[in-house]
file my_file-v2.txt (compact mmCIF, C-alpha atoms)
# COMPACT_ATOMS: atom_id res chain seq x y z
CA MET A 89 0.00 0.00 0.00
CA HIS A 90 1.31 3.40 -0.99
CA ASP A 91 0.45 5.26 2.22
CA PRO A 92 -1.55 3.65 5.03
CA LEU A 93 -2.12 7.03 6.73
CA GLU A 94 -3.69 8.41 3.56
CA PHE A 95 -5.80 5.25 3.44
CA LEU A 96 -7.17 6.16 6.89
CA ARG A 97 -7.98 9.72 5.79
CA THR A 98 -9.70 8.36 2.68
CA VAL A 99 -11.79 5.85 4.61
CA ARG A 100 -12.42 8.81 6.93
CA SER A 101 -14.45 7.09 9.65
CA VAL A 102 -12.05 5.03 11.75
CA ALA A 103 -12.37 3.32 15.12
CA ILE A 104 -10.14 4.76 17.84
CA ALA A 105 -9.57 2.77 21.02
CA THR A 106 -8.50 4.32 24.30
CA ILE A 107 -8.24 3.27 27.91
CA ASP A 108 -11.16 4.25 30.14
CA ASP A 109 -10.09 3.78 33.72
CA GLY A 110 -8.39 0.49 32.90
CA ARG A 111 -11.07 -0.71 30.50
CA PRO A 112 -11.16 -0.55 26.73
CA ALA A 113 -13.25 2.14 25.05
CA VAL A 114 -13.76 2.67 21.34
CA ARG A 115 -15.71 4.97 19.03
CA MET A 116 -15.93 5.84 15.35
CA THR A 117 -14.33 9.17 14.59
CA ASP A 118 -13.22 11.00 11.47
CA VAL A 119 -9.64 11.54 10.40
CA MET A 120 -9.85 15.31 9.98
CA LEU A 121 -6.57 15.91 8.17
CA HIS A 122 -3.56 14.01 6.95
CA GLU A 123 -0.69 16.46 6.57
CA ASN A 124 3.09 16.15 6.82
CA GLY A 125 2.85 12.51 7.75
CA LYS A 126 0.53 13.24 10.69
CA LEU A 127 -3.08 12.33 11.33
CA TYR A 128 -5.30 14.96 12.94
CA PHE A 129 -8.45 14.35 14.95
CA LEU A 130 -10.91 16.33 17.04
CA THR A 131 -12.79 15.86 20.23
CA ALA A 132 -14.68 18.09 22.67
CA ARG A 133 -13.39 18.90 26.15
CA GLY A 134 -16.57 17.66 27.77
CA LYS A 135 -16.47 14.15 26.34
CA ALA A 136 -15.35 11.02 28.15
CA TYR A 137 -13.10 10.45 25.12
CA TYR A 138 -11.21 13.69 25.88
CA ARG A 139 -10.74 12.72 29.53
CA GLN A 140 -9.46 9.30 28.48
CA LEU A 141 -6.90 10.85 26.13
CA LYS A 142 -5.76 13.26 28.82
CA ASP A 143 -5.33 10.38 31.29
CA ASP A 144 -3.56 8.14 28.79
CA PRO A 145 -2.64 9.39 25.31
CA GLU A 146 -2.00 5.93 23.88
CA ILE A 147 -4.46 5.05 21.12
CA ALA A 148 -5.07 2.23 18.68
CA ILE A 149 -6.81 2.87 15.36
CA VAL A 150 -8.44 0.48 12.94
CA ALA A 151 -10.32 1.01 9.70
CA MET A 152 -11.47 -1.18 6.86
CA ASP A 153 -12.54 -0.12 3.39
CA LYS A 154 -15.22 -1.62 1.14
CA ASN A 155 -12.64 -4.00 -0.35
CA TYR A 156 -11.83 -5.54 3.05
CA VAL A 157 -8.44 -3.90 3.33
CA MET A 158 -7.78 -3.21 7.02
CA VAL A 159 -5.22 -0.79 8.43
CA ARG A 160 -4.25 -0.77 12.10
CA VAL A 161 -2.09 1.89 13.75
CA LYS A 162 -1.02 2.54 17.30
CA GLY A 163 0.83 5.36 18.95
CA ARG A 164 0.70 8.21 21.41
CA ILE A 165 -1.25 11.34 20.54
CA GLU A 166 -0.44 14.95 21.34
CA PHE A 167 -2.87 17.82 21.70
CA VAL A 168 -1.90 20.61 19.33
CA GLY A 169 -4.13 23.59 20.20
CA GLN A 170 -6.87 25.07 18.08
CA GLU A 171 -4.86 26.73 15.30
CA LEU A 172 -5.90 24.07 12.83
CA LEU A 173 -9.63 24.28 13.56
CA GLU A 174 -10.33 26.66 10.68
CA ARG A 175 -8.65 24.42 8.12
CA ILE A 176 -10.25 21.32 9.60
CA PHE A 177 -13.72 22.87 9.32
CA ASP A 178 -12.99 23.92 5.73
CA GLN A 179 -11.91 20.43 4.78
CA ASN A 180 -14.67 18.67 6.72
CA PRO A 181 -17.79 20.73 5.98
CA ALA A 182 -20.10 18.55 8.08
CA MET A 183 -18.33 19.95 11.15
CA LYS A 184 -19.77 23.41 10.42
CA GLU A 185 -23.24 22.00 10.72
CA LEU A 186 -22.47 20.03 13.87
CA TYR A 187 -20.61 22.81 15.70
CA PRO A 188 -21.96 26.09 14.29
CA GLY A 189 -20.53 29.53 15.08
CA ASP A 190 -18.54 29.90 18.28
CA THR A 191 -19.54 26.49 19.63
CA ARG A 192 -16.42 25.10 17.94
CA GLU A 193 -14.43 26.62 20.81
CA ILE A 194 -15.18 23.49 22.85
CA LEU A 195 -13.18 21.37 20.39
CA GLU A 196 -9.60 20.27 20.80
CA VAL A 197 -7.34 19.07 18.02
CA PHE A 198 -4.90 16.23 18.55
CA CYS A 199 -2.52 14.46 16.26
CA LEU A 200 -0.69 11.22 15.84
CA SER A 201 2.75 11.89 14.41
CA LYS A 202 4.58 8.68 15.28
CA GLY A 203 3.42 5.11 15.41
CA THR A 204 3.49 1.57 14.13
CA GLY A 205 0.95 -0.30 12.13
CA GLU A 206 -0.08 -3.03 9.82
CA VAL A 207 -1.97 -3.38 6.57
CA PHE A 208 -4.04 -6.55 6.41
CA ASP A 209 -5.56 -7.18 3.00
CA LEU A 210 -8.54 -9.49 3.38
CA SER A 211 -9.60 -9.00 -0.24
CA VAL A 212 -7.26 -11.81 -1.27
CA VAL A 213 -6.98 -15.44 -0.14
CA PRO A 214 -4.77 -15.92 1.76
CA PRO A 215 -4.89 -12.43 3.25
CA GLU A 216 -1.68 -10.44 2.94
CA ARG A 217 -0.12 -8.38 5.70
CA GLU A 218 2.57 -5.75 5.79
CA LYS A 219 3.93 -3.88 8.77
CA PHE A 220 4.94 -0.25 8.72
CA ALA A 221 6.08 2.55 10.99
CA PHE A 222 6.04 6.32 10.65
CA GLY A 223 7.38 9.45 12.32
CA GLY A 224 10.60 7.74 13.37
CA ALA A 225 9.04 4.70 15.05
CA THR A 226 10.47 1.24 14.39
CA VAL A 227 8.51 -1.54 12.72
CA GLU A 228 7.41 -4.00 15.40
CA LYS A 229 8.10 -7.66 15.04
CA SER A 230 5.45 -10.14 16.04
CA GLY A 231 4.15 -13.55 15.11
CA TYR A 232 6.06 -16.82 14.86
CA LEU A 233 9.39 -18.07 13.55
CA ILE A 234 10.90 -21.52 13.12
CA ASN A 235 14.26 -22.01 14.79
CA ASP A 236 17.06 -24.52 14.13
CA ASN A 237 15.44 -27.21 16.23
CA CYS A 238 13.35 -27.82 13.11
CA ILE A 239 13.55 -31.43 11.88
CA ALA A 240 11.80 -30.66 8.59
CA CYS A 241 9.02 -33.15 9.39
CA GLY A 242 6.35 -31.07 7.65
CA VAL A 243 3.77 -31.21 10.45
CA CYS A 244 3.65 -27.40 10.59
CA LYS A 245 3.07 -27.16 6.85
CA ASP A 246 0.02 -29.44 7.12
CA ALA A 247 -1.26 -27.46 10.09
CA CYS A 248 -1.08 -24.07 8.40
CA PRO A 249 -4.49 -22.92 7.16
CA VAL A 250 -3.07 -20.57 4.53
CA GLY A 251 0.02 -22.31 3.14
CA ALA A 252 2.39 -19.85 4.78
CA ILE A 253 5.04 -22.45 5.58
CA ILE A 254 7.87 -23.02 3.12
CA GLU A 255 9.79 -26.29 2.97
CA GLY A 256 13.54 -26.37 3.45
CA GLU A 257 16.27 -27.91 5.59
CA ILE A 258 14.75 -25.68 8.17
CA TYR A 259 11.17 -24.73 7.34
CA THR A 260 10.33 -21.03 7.28
CA ILE A 261 7.19 -18.94 7.68
CA ASN A 262 6.12 -16.45 5.03
CA ALA A 263 5.21 -13.60 7.37
CA SER A 264 3.38 -11.73 4.62
CA ILE A 265 0.53 -14.24 4.67
CA CYS A 266 0.86 -15.81 8.15
CA LEU A 267 -2.41 -15.44 10.11
CA LYS A 268 -0.50 -15.79 13.39
CA CYS A 269 -3.12 -18.34 14.41
CA GLY A 270 -0.55 -20.47 16.24
CA ASN A 271 -1.61 -23.83 14.80
CA CYS A 272 1.97 -24.60 13.67
CA TYR A 273 3.26 -23.62 17.10
CA GLU A 274 0.84 -26.00 18.83
CA LYS A 275 1.45 -28.88 16.43
CA CYS A 276 5.26 -28.81 16.09
CA PRO A 277 6.53 -32.05 17.69
CA VAL A 278 9.95 -30.62 18.62
CA ASP A 279 9.05 -27.14 19.88
CA ALA A 280 10.93 -25.50 17.04
CA ILE A 281 8.41 -22.70 16.61
CA GLU A 282 8.73 -19.57 18.73
CA LEU A 283 6.53 -16.60 19.38
CA ILE A 284 8.45 -13.45 18.51
CA LYS A 285 8.33 -10.94 21.35
CA MET B 12 -33.44 0.93 16.87
CA HIS B 13 -35.17 -2.42 17.06
CA ASP B 14 -32.15 -4.49 18.11
CA PRO B 15 -28.65 -3.03 18.30
CA LEU B 16 -27.07 -6.49 18.60
CA GLU B 17 -28.72 -7.58 15.35
CA PHE B 18 -27.43 -4.33 13.83
CA LEU B 19 -23.88 -5.46 14.73
CA ARG B 20 -24.41 -8.88 13.15
CA THR B 21 -25.83 -7.21 10.02
CA VAL B 22 -22.93 -4.77 9.69
CA ARG B 23 -20.82 -7.89 10.34
CA SER B 24 -17.35 -6.31 10.46
CA VAL B 25 -17.02 -4.50 13.77
CA ALA B 26 -14.07 -3.03 15.66
CA ILE B 27 -13.29 -4.77 18.96
CA ALA B 28 -11.01 -3.05 21.46
CA THR B 29 -9.09 -4.89 24.15
CA ILE B 30 -6.31 -4.11 26.59
CA ASP B 31 -2.82 -5.15 25.51
CA ASP B 32 -0.56 -5.02 28.53
CA GLY B 33 -2.12 -1.73 29.64
CA ARG B 34 -2.41 -0.25 26.17
CA PRO B 35 -5.37 -0.11 23.84
CA ALA B 36 -5.56 -2.59 20.96
CA VAL B 37 -8.24 -2.81 18.30
CA ARG B 38 -9.00 -4.86 15.18
CA MET B 39 -11.85 -5.44 12.76
CA THR B 40 -13.54 -8.75 13.34
CA ASP B 41 -16.78 -10.39 12.23
CA VAL B 42 -19.80 -10.99 14.41
CA MET B 43 -20.16 -14.69 13.70
CA LEU B 44 -23.58 -15.28 15.20
CA HIS B 45 -26.30 -13.42 17.04
CA GLU B 46 -28.40 -15.94 18.93
CA ASN B 47 -30.47 -15.82 22.11
CA GLY B 48 -29.42 -12.23 22.75
CA LYS B 49 -25.73 -13.10 22.59
CA LEU B 50 -23.01 -12.09 20.16
CA TYR B 51 -20.50 -14.75 19.13
CA PHE B 52 -16.97 -14.19 17.86
CA LEU B 53 -13.91 -16.22 16.99
CA THR B 54 -10.20 -15.92 17.40
CA ALA B 55 -7.21 -18.26 17.19
CA ARG B 56 -5.23 -19.37 20.24
CA GLY B 57 -1.97 -18.14 18.76
CA LYS B 58 -3.05 -14.54 18.25
CA ALA B 59 -2.16 -11.57 20.45
CA TYR B 60 -5.92 -10.87 20.49
CA TYR B 61 -6.56 -14.23 22.21
CA ARG B 62 -3.88 -13.56 24.82
CA GLN B 63 -5.36 -10.13 25.49
CA LEU B 64 -8.83 -11.59 26.02
CA LYS B 65 -7.47 -14.25 28.36
CA ASP B 66 -5.63 -11.58 30.38
CA ASP B 67 -8.60 -9.23 30.48
CA PRO B 68 -11.99 -10.24 29.04
CA GLU B 69 -13.39 -6.70 28.97
CA ILE B 70 -14.08 -5.53 25.44
CA ALA B 71 -15.56 -2.51 23.71
CA ILE B 72 -17.20 -2.83 20.29
CA VAL B 73 -18.06 -0.20 17.73
CA ALA B 74 -19.54 -0.40 14.26
CA MET B 75 -21.05 2.04 11.81
CA ASP B 76 -23.22 1.28 8.81
CA LYS B 77 -23.37 3.04 5.45
CA ASN B 78 -26.01 5.42 6.80
CA TYR B 79 -23.72 6.67 9.60
CA VAL B 80 -25.58 4.89 12.34
CA MET B 81 -23.06 3.90 15.01
CA VAL B 82 -23.54 1.29 17.72
CA ARG B 83 -21.19 0.96 20.67
CA VAL B 84 -21.27 -1.90 23.18
CA LYS B 85 -19.09 -2.86 26.10
CA GLY B 86 -19.00 -5.87 28.35
CA ARG B 87 -17.07 -8.90 29.49
CA ILE B 88 -16.71 -11.86 27.17
CA GLU B 89 -16.70 -15.57 28.02
CA PHE B 90 -15.06 -18.36 26.07
CA VAL B 91 -17.63 -21.00 25.23
CA GLY B 92 -15.74 -23.95 23.72
CA GLN B 93 -15.83 -25.16 20.17
CA GLU B 94 -19.32 -26.70 20.01
CA LEU B 95 -20.58 -23.82 17.88
CA LEU B 96 -17.76 -23.94 15.32
CA GLU B 97 -19.74 -26.06 12.88
CA ARG B 98 -22.70 -23.69 12.87
CA ILE B 99 -20.45 -20.64 12.69
CA PHE B 100 -18.65 -22.04 9.65
CA ASP B 101 -22.00 -22.84 8.01
CA GLN B 102 -23.28 -19.33 8.57
CA ASN B 103 -20.00 -17.63 7.65
CA PRO B 104 -18.81 -19.50 4.56
CA ALA B 105 -15.65 -17.40 4.14
CA MET B 106 -14.30 -19.08 7.27
CA LYS B 107 -14.17 -22.42 5.42
CA GLU B 108 -11.79 -20.91 2.93
CA LEU B 109 -9.64 -19.22 5.58
CA TYR B 110 -9.39 -22.21 7.95
CA PRO B 111 -9.84 -25.31 5.76
CA GLY B 112 -10.18 -28.85 7.11
CA ASP B 113 -8.85 -29.54 10.56
CA THR B 114 -7.04 -26.20 10.84
CA ARG B 115 -10.20 -24.80 12.44
CA GLU B 116 -9.17 -26.63 15.62
CA ILE B 117 -6.97 -23.63 16.48
CA LEU B 118 -10.06 -21.42 16.77
CA GLU B 119 -11.83 -20.48 19.97
CA VAL B 120 -15.37 -19.15 20.21
CA PHE B 121 -16.30 -16.45 22.69
CA CYS B 122 -19.48 -14.61 23.38
CA LEU B 123 -20.79 -11.42 24.84
CA SER B 124 -24.01 -12.12 26.68
CA LYS B 125 -24.30 -9.04 28.91
CA GLY B 126 -23.37 -5.45 28.34
CA THR B 127 -24.29 -1.83 27.91
CA GLY B 128 -24.29 0.28 24.82
CA GLU B 129 -25.44 3.22 22.84
CA VAL B 130 -26.89 3.88 19.41
CA PHE B 131 -25.67 7.14 17.91
CA ASP B 132 -27.45 8.06 14.70
CA LEU B 133 -25.28 10.46 12.73
CA SER B 134 -27.55 10.28 9.69
CA VAL B 135 -29.68 13.06 11.16
CA VAL B 136 -28.80 16.58 12.34
CA PRO B 137 -28.59 16.85 15.26
CA PRO B 138 -27.46 13.26 15.77
CA GLU B 139 -29.70 11.18 18.02
CA ARG B 140 -28.49 8.86 20.75
CA GLU B 141 -30.13 6.13 22.76
CA LYS B 142 -28.64 3.99 25.48
CA PHE B 143 -29.43 0.34 25.99
CA ALA B 144 -28.40 -2.67 28.04
CA PHE B 145 -28.79 -6.40 27.51
CA GLY B 146 -28.37 -9.71 29.33
CA GLY B 147 -29.39 -8.20 32.66
CA ALA B 148 -27.02 -5.23 32.66
CA THR B 149 -28.26 -1.79 33.69
CA VAL B 150 -28.31 1.18 31.32
CA GLU B 151 -25.41 3.47 32.22
CA LYS B 152 -25.99 7.12 32.85
CA SER B 153 -23.51 9.62 31.49
CA GLY B 154 -23.36 13.15 30.15
CA TYR B 155 -24.56 16.32 31.80
CA LEU B 156 -27.55 17.57 33.77
CA ILE B 157 -28.66 20.98 34.99
CA ASN B 158 -29.31 21.22 38.72
CA ASP B 159 -31.41 23.66 40.75
CA ASN B 160 -28.65 26.25 40.91
CA CYS B 161 -29.87 27.19 37.41
CA ILE B 162 -30.86 30.86 37.12
CA ALA B 163 -32.45 30.41 33.70
CA CYS B 164 -30.06 32.91 32.13
CA GLY B 165 -29.92 31.07 28.80
CA VAL B 166 -26.13 31.09 28.42
CA CYS B 167 -26.11 27.30 28.12
CA LYS B 168 -28.76 27.37 25.40
CA ASP B 169 -26.64 29.72 23.30
CA ALA B 170 -23.56 27.58 23.91
CA CYS B 171 -25.16 24.32 22.78
CA PRO B 172 -24.16 23.40 19.22
CA VAL B 173 -27.20 21.21 18.61
CA GLY B 174 -30.08 22.93 20.39
CA ALA B 175 -30.29 20.27 23.07
CA ILE B 176 -31.13 22.70 25.88
CA ILE B 177 -34.77 23.33 26.71
CA GLU B 178 -35.94 26.55 28.41
CA GLY B 179 -37.79 26.46 31.69
CA GLU B 180 -37.64 27.72 35.27
CA ILE B 181 -34.74 25.35 35.42
CA TYR B 182 -33.31 24.61 31.99
CA THR B 183 -32.99 20.96 31.01
CA ILE B 184 -30.88 18.96 28.58
CA ASN B 185 -32.45 16.72 25.96
CA ALA B 186 -30.15 13.74 26.41
CA SER B 187 -31.33 12.14 23.18
CA ILE B 188 -29.48 14.75 21.11
CA CYS B 189 -26.83 16.03 23.56
CA LEU B 190 -23.32 15.66 22.08
CA LYS B 191 -21.83 15.67 25.59
CA CYS B 192 -19.34 18.22 24.29
CA GLY B 193 -19.35 20.12 27.58
CA ASN B 194 -19.73 23.61 26.15
CA CYS B 195 -22.73 24.34 28.40
CA TYR B 196 -20.81 23.05 31.40
CA GLU B 197 -17.89 25.38 30.67
CA LYS B 198 -20.06 28.42 29.94
CA CYS B 199 -22.61 28.21 32.79
CA PRO B 200 -21.97 31.28 35.00
CA VAL B 201 -23.31 29.65 38.18
CA ASP B 202 -21.90 26.12 37.95
CA ALA B 203 -25.37 24.64 37.63
CA ILE B 204 -24.31 21.96 35.16
CA GLU B 205 -22.94 18.68 36.44
CA LEU B 206 -21.22 15.76 34.84
CA ILE B 207 -23.19 12.61 35.63
CA LYS B 208 -20.94 9.90 36.99
call {"tool": "encode", "arguments": {"input": "my_file-v2.txt", "output": "structure tokens"}}
result
Amino acid sequence: MHDPLEFLRTVRSVAIATIDDGRPAVRMTDVMLHENGKLYFLTARGKAYYRQLKDDPEIAIVAMDKNYVMVRVKGRIEFVGQELLERIFDQNPAMKELYPGDTREILEVFCLSKGTGEVFDLSVVPPEREKFAFGGATVEKSGYLINDNCIACGVCKDACPVGAIIEGEIYTINASICLKCGNCYEKCPVDAIELIK
Amino acid sequence: MHDPLEFLRTVRSVAIATIDDGRPAVRMTDVMLHENGKLYFLTARGKAYYRQLKDDPEIAIVAMDKNYVMVRVKGRIEFVGQELLERIFDQNPAMKELYPGDTREILEVFCLSKGTGEVFDLSVVPPEREKFAFGGATVEKSGYLINDNCIACGVCKDACPVGAIIEGEIYTINASICLKCGNCYEKCPVDAIELIK
């Protein structure tokens, strides 16, 4: 995918998860701007959502388009003041109807400028995944790998629902289609499959 | 709305938020079944999502349809064993392609049988909201109310972006359209507006 952040702005309505006093909370919200590699959002100071972000600025975002392409991003937001409100309202005209006149003063703009993420394309079988990072973050490793305890017995290959396991002296996992379901990990008779931390 | 849980099954792809070692995590996932007032989902034992649910079974769900009707639900899930897998695969044929043959053994079914939620209809201006609860949970109160310190000055009415404030000896808030933005709360000159806990 060319630019997963632009994908999120194009889908527009994304789900943003926060922590609410130790519990998960999530709502649909619009990506208001995508500029200079940053995503901008809005909330109002009176909302539970605002209080959650003030308590803990870590968020996780997910969106899916009509073609079943899913993008997930996580990172730590920063509040950026109200300078961008004018441009946000110009580029998101529905906001003018929702917060007419001076009532927009209750809104606060925040942005995500650094984070990690993953594109998961469910429009193809098997689904394809690709990790990414932006704003100076490092791509996170996760999932499974086969170590040199592998005896090349092929049990993992039969256990894989999507054909992600490649034969060899030591078998390997094609991370770009691995579902991370763990079936190979459970079935390997010699514990040669590890969860990457 | 007739049945917000059936809405979630109809939209099918919903965002489910969990806690990942103290941080928010979220992914799109399908509602596999809606039966007897319960929502059923799947995950695989090898996924981070499964580990998160085992560590902390509290989830928050959000989904929005093409008409900008949003439903949010939160509650505590329970794992229910694999008895329902056959029916889930029958009613969600794409699963047969994704987890062919015996590979489905890696999947675990969980359900949400009790929770609270809200319907937020953004297809109308102002948006309308309605709270609900299911499985024996109690509808949660939230938002703002005007107490008897109100001097009926009308400042709150002017501050409300959506016309949710109703004149009277003591002004009142129409909770069905209140955005919970907090502008009235900030602007009230006599601190007559309270956040409901």
call {"tool": "interface_residues", "arguments": {"input": "my_file-v2.txt", "of": "chain A", "to": "chain B", "cutoff": "8 Å", "atoms": "only C-alpha atoms", "output": "MDAnalysis selection string"}}
result
chainID A and resid 103:107 110:116 132:135 146:152 158 160 162 185:188 190:191 194:195 213:214 231 247:250 268:271 273
call {"tool": "write_last_selection", "arguments": {"input": "my_file-v2.txt", "atoms": "C-alpha atoms", "output": "mmCIF file, in the coordinates of the input"}}
result
data_model
loop_
_atom_site.group_PDB
_atom_site.id
_atom_site.type_symbol
_atom_site.label_atom_id
_atom_site.label_comp_id
_atom_site.auth_asym_id
_atom_site.auth_seq_id
_atom_site.Cartn_x
_atom_site.Cartn_y
_atom_site.Cartn_z
ATOM 1 C CA ALA A 103 -12.370 3.320 15.120
ATOM 2 C CA ILE A 104 -10.140 4.760 17.840
ATOM 3 C CA ALA A 105 -9.570 2.770 21.020
ATOM 4 C CA THR A 106 -8.500 4.320 24.300
ATOM 5 C CA ILE A 107 -8.240 3.270 27.910
ATOM 6 C CA GLY A 110 -8.390 0.490 32.900
ATOM 7 C CA ARG A 111 -11.070 -0.710 30.500
ATOM 8 C CA PRO A 112 -11.160 -0.550 26.730
ATOM 9 C CA ALA A 113 -13.250 2.140 25.050
ATOM 10 C CA VAL A 114 -13.760 2.670 21.340
ATOM 11 C CA ARG A 115 -15.710 4.970 19.030
ATOM 12 C CA MET A 116 -15.930 5.840 15.350
ATOM 13 C CA ALA A 132 -14.680 18.090 22.670
ATOM 14 C CA ARG A 133 -13.390 18.900 26.150
ATOM 15 C CA GLY A 134 -16.570 17.660 27.770
ATOM 16 C CA LYS A 135 -16.470 14.150 26.340
ATOM 17 C CA GLU A 146 -2.000 5.930 23.880
ATOM 18 C CA ILE A 147 -4.460 5.050 21.120
ATOM 19 C CA ALA A 148 -5.070 2.230 18.680
ATOM 20 C CA ILE A 149 -6.810 2.870 15.360
ATOM 21 C CA VAL A 150 -8.440 0.480 12.940
ATOM 22 C CA ALA A 151 -10.320 1.010 9.700
ATOM 23 C CA MET A 152 -11.470 -1.180 6.860
ATOM 24 C CA MET A 158 -7.780 -3.210 7.020
ATOM 25 C CA ARG A 160 -4.250 -0.770 12.100
ATOM 26 C CA LYS A 162 -1.020 2.540 17.300
ATOM 27 C CA GLU A 185 -23.240 22.000 10.720
ATOM 28 C CA LEU A 186 -22.470 20.030 13.870
ATOM 29 C CA TYR A 187 -20.610 22.810 15.700
ATOM 30 C CA PRO A 188 -21.960 26.090 14.290
ATOM 31 C CA ASP A 190 -18.540 29.900 18.280
ATOM 32 C CA THR A 191 -19.540 26.490 19.630
ATOM 33 C CA ILE A 194 -15.180 23.490 22.850
ATOM 34 C CA LEU A 195 -13.180 21.370 20.390
ATOM 35 C CA VAL A 213 -6.980 -15.440 -0.140
ATOM 36 C CA PRO A 214 -4.770 -15.920 1.760
ATOM 37 C CA GLY A 231 4.150 -13.550 15.110
ATOM 38 C CA ALA A 247 -1.260 -27.460 10.090
ATOM 39 C CA CYS A 248 -1.080 -24.070 8.400
ATOM 40 C CA PRO A 249 -4.490 -22.920 7.160
ATOM 41 C CA VAL A 250 -3.070 -20.570 4.530
ATOM 42 C CA LYS A 268 -0.500 -15.790 13.390
ATOM 43 C CA CYS A 269 -3.120 -18.340 14.410
ATOM 44 C CA GLY A 270 -0.550 -20.470 16.240
ATOM 45 C CA ASN A 271 -1.610 -23.830 14.800
ATOM 46 C CA TYR A 273 3.260 -23.620 17.100
#
call {"tool": "atom_distance", "arguments": {"input": "my_file-v2.txt", "atom1": "CA of Glu228 in chain A", "atom2": "CA of Ala280 in chain A"}}
result
21.8 Å
call {"tool": "closest_residue", "arguments": {"input": "my_file-v2.txt", "among": "B:Arg87, B:Lys152, B:Lys168, B:Lys142", "to": "Ser187 in chain B", "atoms": "only C-alpha atoms"}}
result
B:Lys142
call {"tool": "closest_residue", "arguments": {"input": "my_file-v2.txt", "among": "B:Glu178, B:Asp32, B:Glu94, B:Glu141", "to": "Asp14 in chain B", "atoms": "all atoms listed in the file"}}
result
B:Glu141
call {"tool": "closest_residue", "arguments": {"input": "my_file-v2.txt", "among": "B:Glu139, B:Asp101, B:Lys77, B:Gln63", "to": "Thr21 in chain B", "atoms": "only C-alpha atoms"}}
result
B:Lys77
call {"tool": "atom_distance", "arguments": {"input": "my_file-v2.txt", "atom1": "CA of Glu282 in chain A", "atom2": "CA of Ile253 in chain A"}}
result
14.0 Å
call {"tool": "build_atoms", "arguments": {"input": "my_file-v2.txt", "residues": "range 167-178 of chain A", "atoms": "N, CA, C and O atoms", "output": "short mmCIF file (atom, residue, chain, number, x, y, z; two decimals), in the coordinates of the input"}}
result
data_model
loop_
_atom_site.label_atom_id
_atom_site.label_comp_id
_atom_site.auth_asym_id
_atom_site.auth_seq_id
_atom_site.Cartn_x
_atom_site.Cartn_y
_atom_site.Cartn_z
N PHE A 167 -1.94 16.72 21.98
CA PHE A 167 -2.87 17.82 21.70
C PHE A 167 -2.08 18.96 21.09
O PHE A 167 -0.93 19.22 21.49
N VAL A 168 -2.68 19.63 20.10
CA VAL A 168 -1.90 20.61 19.33
C VAL A 168 -2.54 22.00 19.32
O VAL A 168 -2.15 22.84 18.53
N GLY A 169 -3.51 22.26 20.19
CA GLY A 169 -4.13 23.59 20.20
C GLY A 169 -5.12 23.73 19.07
O GLY A 169 -5.35 22.80 18.29
N GLN A 170 -5.73 24.90 18.98
CA GLN A 170 -6.87 25.07 18.08
C GLN A 170 -6.53 25.79 16.78
O GLN A 170 -7.42 26.11 16.00
N GLU A 171 -5.24 25.97 16.51
CA GLU A 171 -4.86 26.73 15.30
C GLU A 171 -5.39 26.09 14.02
O GLU A 171 -5.66 26.77 13.04
N LEU A 172 -5.49 24.77 14.05
CA LEU A 172 -5.90 24.07 12.83
C LEU A 172 -7.41 23.98 12.65
O LEU A 172 -7.88 23.49 11.62
N LEU A 173 -8.18 24.46 13.62
CA LEU A 173 -9.63 24.28 13.56
C LEU A 173 -10.23 24.84 12.28
O LEU A 173 -11.09 24.21 11.66
N GLU A 174 -9.78 26.02 11.89
CA GLU A 174 -10.33 26.66 10.68
C GLU A 174 -10.14 25.74 9.46
O GLU A 174 -11.08 25.47 8.72
N ARG A 175 -8.91 25.27 9.29
CA ARG A 175 -8.65 24.42 8.12
C ARG A 175 -9.42 23.10 8.22
O ARG A 175 -9.94 22.60 7.22
N ILE A 176 -9.50 22.57 9.42
CA ILE A 176 -10.25 21.32 9.60
C ILE A 176 -11.71 21.52 9.22
O ILE A 176 -12.30 20.69 8.52
N PHE A 177 -12.31 22.62 9.65
CA PHE A 177 -13.72 22.87 9.32
C PHE A 177 -13.88 23.08 7.81
O PHE A 177 -14.88 22.65 7.23
N ASP A 178 -12.90 23.73 7.19
CA ASP A 178 -12.99 23.92 5.73
C ASP A 178 -12.93 22.58 5.00
O ASP A 178 -13.63 22.37 4.02
#
